[in-house]
>>> print(open('entry-v5.csv').read())   # CSV, C-alpha atoms and all ligand atoms
chain,number,residue,atom,x,y,z
Z,18,MET,CA,0.0,0.0,0.0
Z,19,SER,CA,1.4,3.4,-0.9
Z,20,GLN,CA,2.0,6.0,1.8
Z,21,LEU,CA,2.2,9.8,1.4
Z,22,VAL,CA,5.8,11.2,1.8
Z,23,CYS,CA,5.6,14.9,2.6
Z,24,GLN,CA,8.1,17.0,0.6
Z,25,ARG,CA,8.0,19.8,3.2
Z,26,CYS,CA,7.3,22.3,0.5
Z,27,GLY,CA,5.1,24.4,2.9
Z,28,LYS,CA,2.3,24.9,0.4
Z,29,CYS,CA,-0.3,23.7,2.9
Z,30,CYS,CA,0.8,26.2,5.5
Z,31,ASN,CA,0.2,29.2,3.3
Z,32,ASP,CA,-3.1,30.6,1.9
Z,33,LEU,CA,-4.8,29.3,5.0
Z,34,VAL,CA,-7.4,32.1,5.1
Z,35,GLN,CA,-9.8,31.7,2.3
Z,36,GLN,CA,-13.4,32.7,1.2
Z,37,ASP,CA,-16.0,30.0,1.7
Z,38,ARG,CA,-19.5,30.7,0.6
Z,39,GLY,CA,-19.1,34.5,1.4
Z,40,VAL,CA,-17.3,34.0,4.7
Z,41,LEU,CA,-13.6,34.4,5.3
Z,42,ARG,CA,-12.2,31.4,7.2
Z,43,GLY,CA,-8.9,30.1,8.4
Z,44,LEU,CA,-7.4,26.7,9.4
Z,45,SER,CA,-9.9,24.7,11.5
Z,46,LEU,CA,-8.9,23.8,15.0
Z,47,LEU,CA,-10.6,21.4,17.5
Z,48,PRO,CA,-11.2,23.0,20.9
Z,49,GLU,CA,-8.3,21.1,22.5
Z,50,GLU,CA,-5.9,22.4,19.8
Z,51,THR,CA,-6.2,26.1,20.5
Z,52,HIS,CA,-3.3,26.1,22.9
Z,53,LEU,CA,-0.9,25.3,20.0
Z,54,PHE,CA,-1.2,28.9,18.7
Z,55,PRO,CA,-0.9,32.4,20.3
Z,56,GLU,CA,-4.3,33.3,21.9
Z,57,GLU,CA,-4.7,36.5,19.8
Z,58,LEU,CA,-4.6,34.5,16.6
Z,59,VAL,CA,-7.3,32.0,17.6
Z,60,LYS,CA,-10.9,32.9,16.8
Z,61,PRO,CA,-14.1,30.9,17.0
Z,62,TYR,CA,-15.2,29.0,13.9
Z,63,LEU,CA,-18.3,26.9,14.4
Z,64,GLY,CA,-21.0,27.4,17.0
Z,65,ILE,CA,-24.3,25.7,17.8
Z,66,GLY,CA,-27.3,27.4,19.4
Z,67,LYS,CA,-30.3,29.6,18.9
Z,68,ARG,CA,-28.2,32.8,18.9
Z,69,PRO,CA,-24.5,33.6,19.6
Z,70,HIS,CA,-23.8,35.2,23.0
Z,71,MET,CA,-26.8,33.3,24.6
Z,72,ASP,CA,-26.0,31.1,27.6
Z,73,LYS,CA,-26.5,27.8,25.8
Z,74,PHE,CA,-24.6,28.7,22.7
Z,75,GLN,CA,-21.6,26.3,22.3
Z,76,THR,CA,-18.5,26.9,20.2
Z,77,ILE,CA,-17.6,23.5,18.8
Z,78,ALA,CA,-14.5,24.5,16.7
Z,79,TYR,CA,-12.0,27.3,16.4
Z,80,GLN,CA,-9.9,28.7,13.6
Z,81,LEU,CA,-6.4,30.2,13.1
Z,82,SER,CA,-6.8,33.8,11.8
Z,83,SER,CA,-3.1,34.1,10.7
Z,84,ASP,CA,-1.8,33.4,7.2
Z,85,PRO,CA,0.8,32.0,6.8
Z,86,CYS,CA,0.9,29.9,9.9
Z,87,PRO,CA,3.2,31.2,12.7
Z,88,HIS,CA,4.7,27.8,13.0
Z,89,LEU,CA,6.0,27.8,9.5
Z,90,VAL,CA,9.8,28.4,9.5
Z,91,ASP,CA,11.9,27.9,6.4
Z,92,ASN,CA,9.0,25.9,4.8
Z,93,SER,CA,8.9,23.5,7.7
Z,94,CYS,CA,6.5,23.2,10.6
Z,95,ASN,CA,8.3,23.8,13.9
Z,96,ARG,CA,5.5,21.9,15.8
Z,97,TYR,CA,5.2,19.1,13.3
Z,98,ASP,CA,4.7,16.3,15.9
Z,99,GLU,CA,1.9,18.1,17.6
Z,100,ARG,CA,0.3,19.9,14.6
Z,101,PRO,CA,-3.5,20.1,14.7
Z,102,THR,CA,-5.9,17.6,13.1
Z,103,SER,CA,-6.5,19.8,10.0
Z,104,CYS,CA,-2.8,19.6,9.2
Z,105,ARG,CA,-2.4,15.9,10.2
Z,106,GLN,CA,-5.1,14.8,7.8
Z,107,PHE,CA,-3.8,16.9,4.9
Z,108,PRO,CA,-3.9,16.4,1.8
Z,109,PHE,CA,-6.8,14.1,2.6
Z,110,SER,CA,-10.2,15.2,3.9
Z,111,LEU,CA,-13.6,13.8,4.4
Z,112,ASP,CA,-16.8,15.3,3.3
Z,113,LEU,CA,-20.4,14.0,3.1
Z,114,ASP,CA,-22.0,12.9,-0.2
Z,115,GLU,CA,-25.7,13.2,-1.1
Z,116,GLU,CA,-26.6,10.2,1.0
Z,117,ASN,CA,-24.7,11.6,4.0
Z,118,GLU,CA,-21.9,9.0,3.6
Z,119,PRO,CA,-18.2,9.9,4.0
Z,120,LEU,CA,-16.5,11.0,0.8
Z,121,LEU,CA,-12.7,11.0,0.5
Z,122,GLY,CA,-11.1,14.1,-1.0
Z,123,VAL,CA,-7.4,14.7,-2.0
Z,124,ASP,CA,-6.0,18.1,-2.4
Z,125,MET,CA,-4.0,18.0,-5.7
Z,126,ASN,CA,-2.2,21.2,-4.8
Z,127,CYS,CA,0.0,19.0,-2.7
Z,128,PRO,CA,3.0,17.7,-4.7
Z,129,ALA,CA,3.2,14.6,-2.4
Z,130,ALA,CA,-0.4,13.8,-3.2
Z,131,VAL,CA,0.3,14.1,-6.9
Z,132,GLU,CA,3.3,11.8,-6.6
Z,133,LEU,CA,1.4,9.3,-4.6
Z,134,ILE,CA,-1.5,9.2,-7.0
Z,135,ASN,CA,0.9,8.9,-10.0
Z,136,ASN,CA,2.8,6.1,-8.4
Z,137,THR,CA,0.2,4.3,-6.5
Z,138,ASP,CA,-0.6,0.7,-6.7
Z,139,GLY,CA,-4.3,1.6,-6.4
Z,140,LEU,CA,-4.5,1.5,-2.7
Z,141,LEU,CA,-3.9,4.8,-0.7
Z,142,GLU,CA,-3.0,4.6,2.9
Z,143,PHE,CA,-5.0,7.2,4.8
Z,144,THR,CA,-3.3,6.9,8.1
Z,145,ASP,CA,-5.0,9.8,9.9
Z,146,ARG,CA,-8.6,8.8,9.0
Z,147,ASP,CA,-9.6,8.9,12.7
Z,148,ASP,CA,-8.6,12.6,12.9
Z,149,ALA,CA,-10.5,13.3,9.7
Z,150,GLU,CA,-13.6,11.6,11.2
Z,151,ARG,CA,-13.5,14.1,14.1
Z,152,LEU,CA,-13.6,17.0,11.7
Z,153,LEU,CA,-16.3,15.3,9.7
Z,154,GLU,CA,-18.4,14.9,12.8
Z,155,LEU,CA,-18.4,18.7,13.2
Z,156,LYS,CA,-19.7,19.1,9.6
Z,157,ARG,CA,-22.5,16.6,10.4
Z,158,ARG,CA,-23.5,18.6,13.5
Z,159,VAL,CA,-23.8,21.7,11.4
Z,160,LEU,CA,-25.7,20.1,8.6
Z,161,GLU,CA,-28.1,18.3,11.0
Z,162,ASN,CA,-29.5,21.7,12.1
Z,163,PRO,CA,-28.4,24.5,9.8
Z,164,ARG,CA,-30.8,27.0,11.5
Z,165,ARG,CA,-29.0,26.6,14.8
Z,166,ALA,CA,-25.4,26.3,13.3
Z,167,TRP,CA,-23.2,29.4,13.0
Z,168,VAL,CA,-20.0,30.2,11.2
Z,169,TYR,CA,-17.6,33.0,12.4
Z,170,ASP,CA,-16.6,35.3,9.6
Z,171,LEU,CA,-13.0,36.6,9.9
Z,172,ALA,CA,-13.7,39.5,7.6
Z,173,THR,CA,-16.4,41.0,9.9
Z,174,MET,CA,-15.5,39.2,13.1
Z,175,LYS,CA,-19.2,38.3,13.4
Z,176,TRP,CA,-21.2,35.1,13.4
Z,177,VAL,CA,-23.2,34.2,10.3
Z,178,ARG,CA,-26.0,31.6,10.5
Z,179,PHE,CA,-25.1,28.7,8.3
Z,180,ASP,CA,-28.4,28.6,6.3
Z,181,LYS,CA,-27.8,32.4,5.5
Z,182,MET,CA,-24.4,31.9,4.0
Z,183,GLY,CA,-23.9,32.6,0.3
Z,201,LIG,S1,1.6,20.6,0.5
Z,201,LIG,FE1,1.9,18.4,0.7
Z,201,LIG,S2,4.1,18.0,0.3
Z,201,LIG,FE2,3.8,20.2,0.7
Z,201,LIG,S3,4.2,20.4,3.0
Z,201,LIG,FE3,2.0,20.1,2.6
Z,201,LIG,S4,1.6,17.9,2.9
Z,201,LIG,FE4,3.8,18.2,2.5
Z,202,LIG,S1,0.8,23.9,12.3
Z,202,LIG,FE1,2.5,23.3,11.1
Z,202,LIG,S2,1.6,21.9,9.5
Z,202,LIG,FE2,0.0,23.1,10.4
Z,202,LIG,S3,-0.2,25.0,9.1
Z,202,LIG,FE3,1.1,25.5,10.8
Z,202,LIG,S4,3.2,25.1,10.0
Z,202,LIG,FE4,1.8,24.0,8.6
>>> encode(input="entry-v5.csv", output="structure tokens", more="lines below")
Ligand code: SF4
Ligand code: SF4
Amino acid sequence: MSQLVCQRCGKCCNDLVQQDRGVLRGLSLLPEETHLFPEELVKPYLGIGKRPHMDKFQTIAYQLSSDPCPHLVDNSCNRYDERPTSCRQFPFSLDLDEENEPLLGVDMNCPAAVELINNTDGLLEFTDRDDAERLLELKRRVLENPRRAWVYDLATMKWVRFDKMG
């Protein structure tokens, strides 16, 4: 089975802040990963509740507002062994298909992914699938109730209700 060999090109650590359906968003972080970055660079990302700032509102994910990542030094990650889940799963990711089943995606901007696919024997080893499942679970929670799911926009620093996004 072929395994991805990272070429340490640093491409996945740049252009982290991007537009997504009218909202500016950065690298996704699980709640227990926020300590990996300076506090001032960490913002909320996904929330669940009737309205933000109400008592029962729960922030279920955070995001890095900086681009490039502050841990990128000479195209290498200086916290590679403890990098967050979003980085660990890259260039793979899981999304949901029309039947709500997991769908594997590969980011072809990654040269290691291109090399792997060109040289593969047909079987890709997705070693960090458990990590990707955790991020997928967040997407499931949002899609289950889009009228109570919120996304934090880095452009306005305000929450936008998921079903109102562009
Ligand atoms: S883009 Fe791919 S090869 Fe480059 S650092 Fe990221 S994972 Fe490694
Ligand atoms: S934590 Fe490391 S792997 Fe992740 S974006 Fe930053 S430099 Fe890249």
>>> residues_near_ligand(input="entry-v5.csv", ligand="ligand LIG 201 (chain Z)", cutoff="12 Å", atoms="all atoms listed in the file", output="PyMOL selection string")
chain Z and resi 20-33+89-94+97+100+103-109+123-133
>>> residues_around(input="entry-v5.csv", residues="Z:Leu113", least_positions_apart="5", cutoff="9 Å", atoms="all atoms listed in the file", output="ChimeraX atom specification")
/Z:118-121,153,156-157
>>> closest_residue(input="entry-v5.csv", among="Z:Asp170, Z:Glu49, Z:Asp84, Z:Asp72", to="ligand LIG 202 (chain Z)", atoms="all atoms listed in the file")
Z:Asp84
>>> residues_around(input="entry-v5.csv", residues="Z:Arg158", least_positions_apart="3", cutoff="12 Å", atoms="only C-alpha atoms", output="ChimeraX atom specification")
/Z:63-66,75-78,113,117,151-155,161-167,179
>>> atom_distance(input="entry-v5.csv", atom1="atom CA of Z:Asp37", atom2="atom CA of Z:Asp98")
28.6 Å
>>> atom_distance(input="entry-v5.csv", atom1="atom CA of Z:Leu46", atom2="atom CA of Z:Arg146")
16.2 Å
>>> atom_distance(input="entry-v5.csv", atom1="atom CA of Z:Leu53", atom2="atom CA of Z:Gly122")
25.9 Å
>>> closest_residue(input="entry-v5.csv", among="Z:Val177, Z:Met182, Z:Ala172, Z:Val34", to="ligand LIG 202 (chain Z)", atoms="all atoms listed in the file")
Z:Val34
>>> build_atoms(input="entry-v5.csv", residues="stretch 76-99 of chain Z", atoms="N, CA and C atoms", output="CSV table (one decimal), in the coordinates of the input")
chain,number,residue,atom,x,y,z
Z,76,THR,N,-19.5,26.9,21.3
Z,76,THR,CA,-18.5,26.9,20.2
Z,76,THR,C,-17.9,25.5,20.1
Z,77,ILE,N,-18.1,24.9,18.9
Z,77,ILE,CA,-17.6,23.5,18.8
Z,77,ILE,C,-16.3,23.4,18.0
Z,78,ALA,N,-15.8,24.5,17.4
Z,78,ALA,CA,-14.5,24.5,16.7
Z,78,ALA,C,-14.0,25.9,16.6
Z,79,TYR,N,-12.7,26.0,16.5
Z,79,TYR,CA,-12.0,27.3,16.4
Z,79,TYR,C,-11.3,27.4,15.1
Z,80,GLN,N,-10.6,28.6,14.8
Z,80,GLN,CA,-9.9,28.7,13.6
Z,80,GLN,C,-8.7,29.6,13.9
Z,81,LEU,N,-7.6,29.4,13.0
Z,81,LEU,CA,-6.4,30.2,13.1
Z,81,LEU,C,-6.7,31.4,12.1
Z,82,SER,N,-6.5,32.6,12.6
Z,82,SER,CA,-6.8,33.8,11.8
Z,82,SER,C,-5.5,34.3,11.0
Z,83,SER,N,-4.4,33.7,11.3
Z,83,SER,CA,-3.1,34.1,10.7
Z,83,SER,C,-2.8,33.4,9.4
Z,84,ASP,N,-2.2,34.0,8.5
Z,84,ASP,CA,-1.8,33.4,7.2
Z,84,ASP,C,-0.5,34.1,6.7
Z,85,PRO,N,0.6,33.4,6.6
Z,85,PRO,CA,0.8,32.0,6.8
Z,85,PRO,C,0.8,31.6,8.3
Z,86,CYS,N,0.9,30.4,8.5
Z,86,CYS,CA,0.9,29.9,9.9
Z,86,CYS,C,2.1,30.4,10.7
Z,87,PRO,N,2.0,30.8,11.9
Z,87,PRO,CA,3.2,31.2,12.7
Z,87,PRO,C,4.2,30.1,13.0
Z,88,HIS,N,3.8,28.9,12.8
Z,88,HIS,CA,4.7,27.8,13.0
Z,88,HIS,C,5.5,27.4,11.8
Z,89,LEU,N,5.3,28.1,10.7
Z,89,LEU,CA,6.0,27.8,9.5
Z,89,LEU,C,7.4,28.5,9.5
Z,90,VAL,N,8.5,27.8,9.5
Z,90,VAL,CA,9.8,28.4,9.5
Z,90,VAL,C,10.6,27.7,8.5
Z,91,ASP,N,11.1,28.5,7.5
Z,91,ASP,CA,11.9,27.9,6.4
Z,91,ASP,C,11.2,26.7,5.7
Z,92,ASN,N,9.9,26.9,5.5
Z,92,ASN,CA,9.0,25.9,4.8
Z,92,ASN,C,8.8,24.7,5.6
Z,93,SER,N,9.2,24.7,6.9
Z,93,SER,CA,8.9,23.5,7.7
Z,93,SER,C,8.1,23.9,8.9
Z,94,CYS,N,7.4,22.9,9.4
Z,94,CYS,CA,6.5,23.2,10.6
Z,94,CYS,C,7.4,23.0,11.9
Z,95,ASN,N,7.4,24.0,12.7
Z,95,ASN,CA,8.3,23.8,13.9
Z,95,ASN,C,7.5,23.2,15.1
Z,96,ARG,N,6.2,22.7,14.8
Z,96,ARG,CA,5.5,21.9,15.8
Z,96,ARG,C,4.9,20.7,15.1
Z,97,TYR,N,5.7,20.1,14.2
Z,97,TYR,CA,5.2,19.1,13.3
Z,97,TYR,C,4.6,17.9,14.1
Z,98,ASP,N,5.2,17.5,15.2
Z,98,ASP,CA,4.7,16.3,15.9
Z,98,ASP,C,3.4,16.6,16.7
Z,99,GLU,N,3.1,17.8,16.9
Z,99,GLU,CA,1.9,18.1,17.6
Z,99,GLU,C,1.0,19.0,16.8
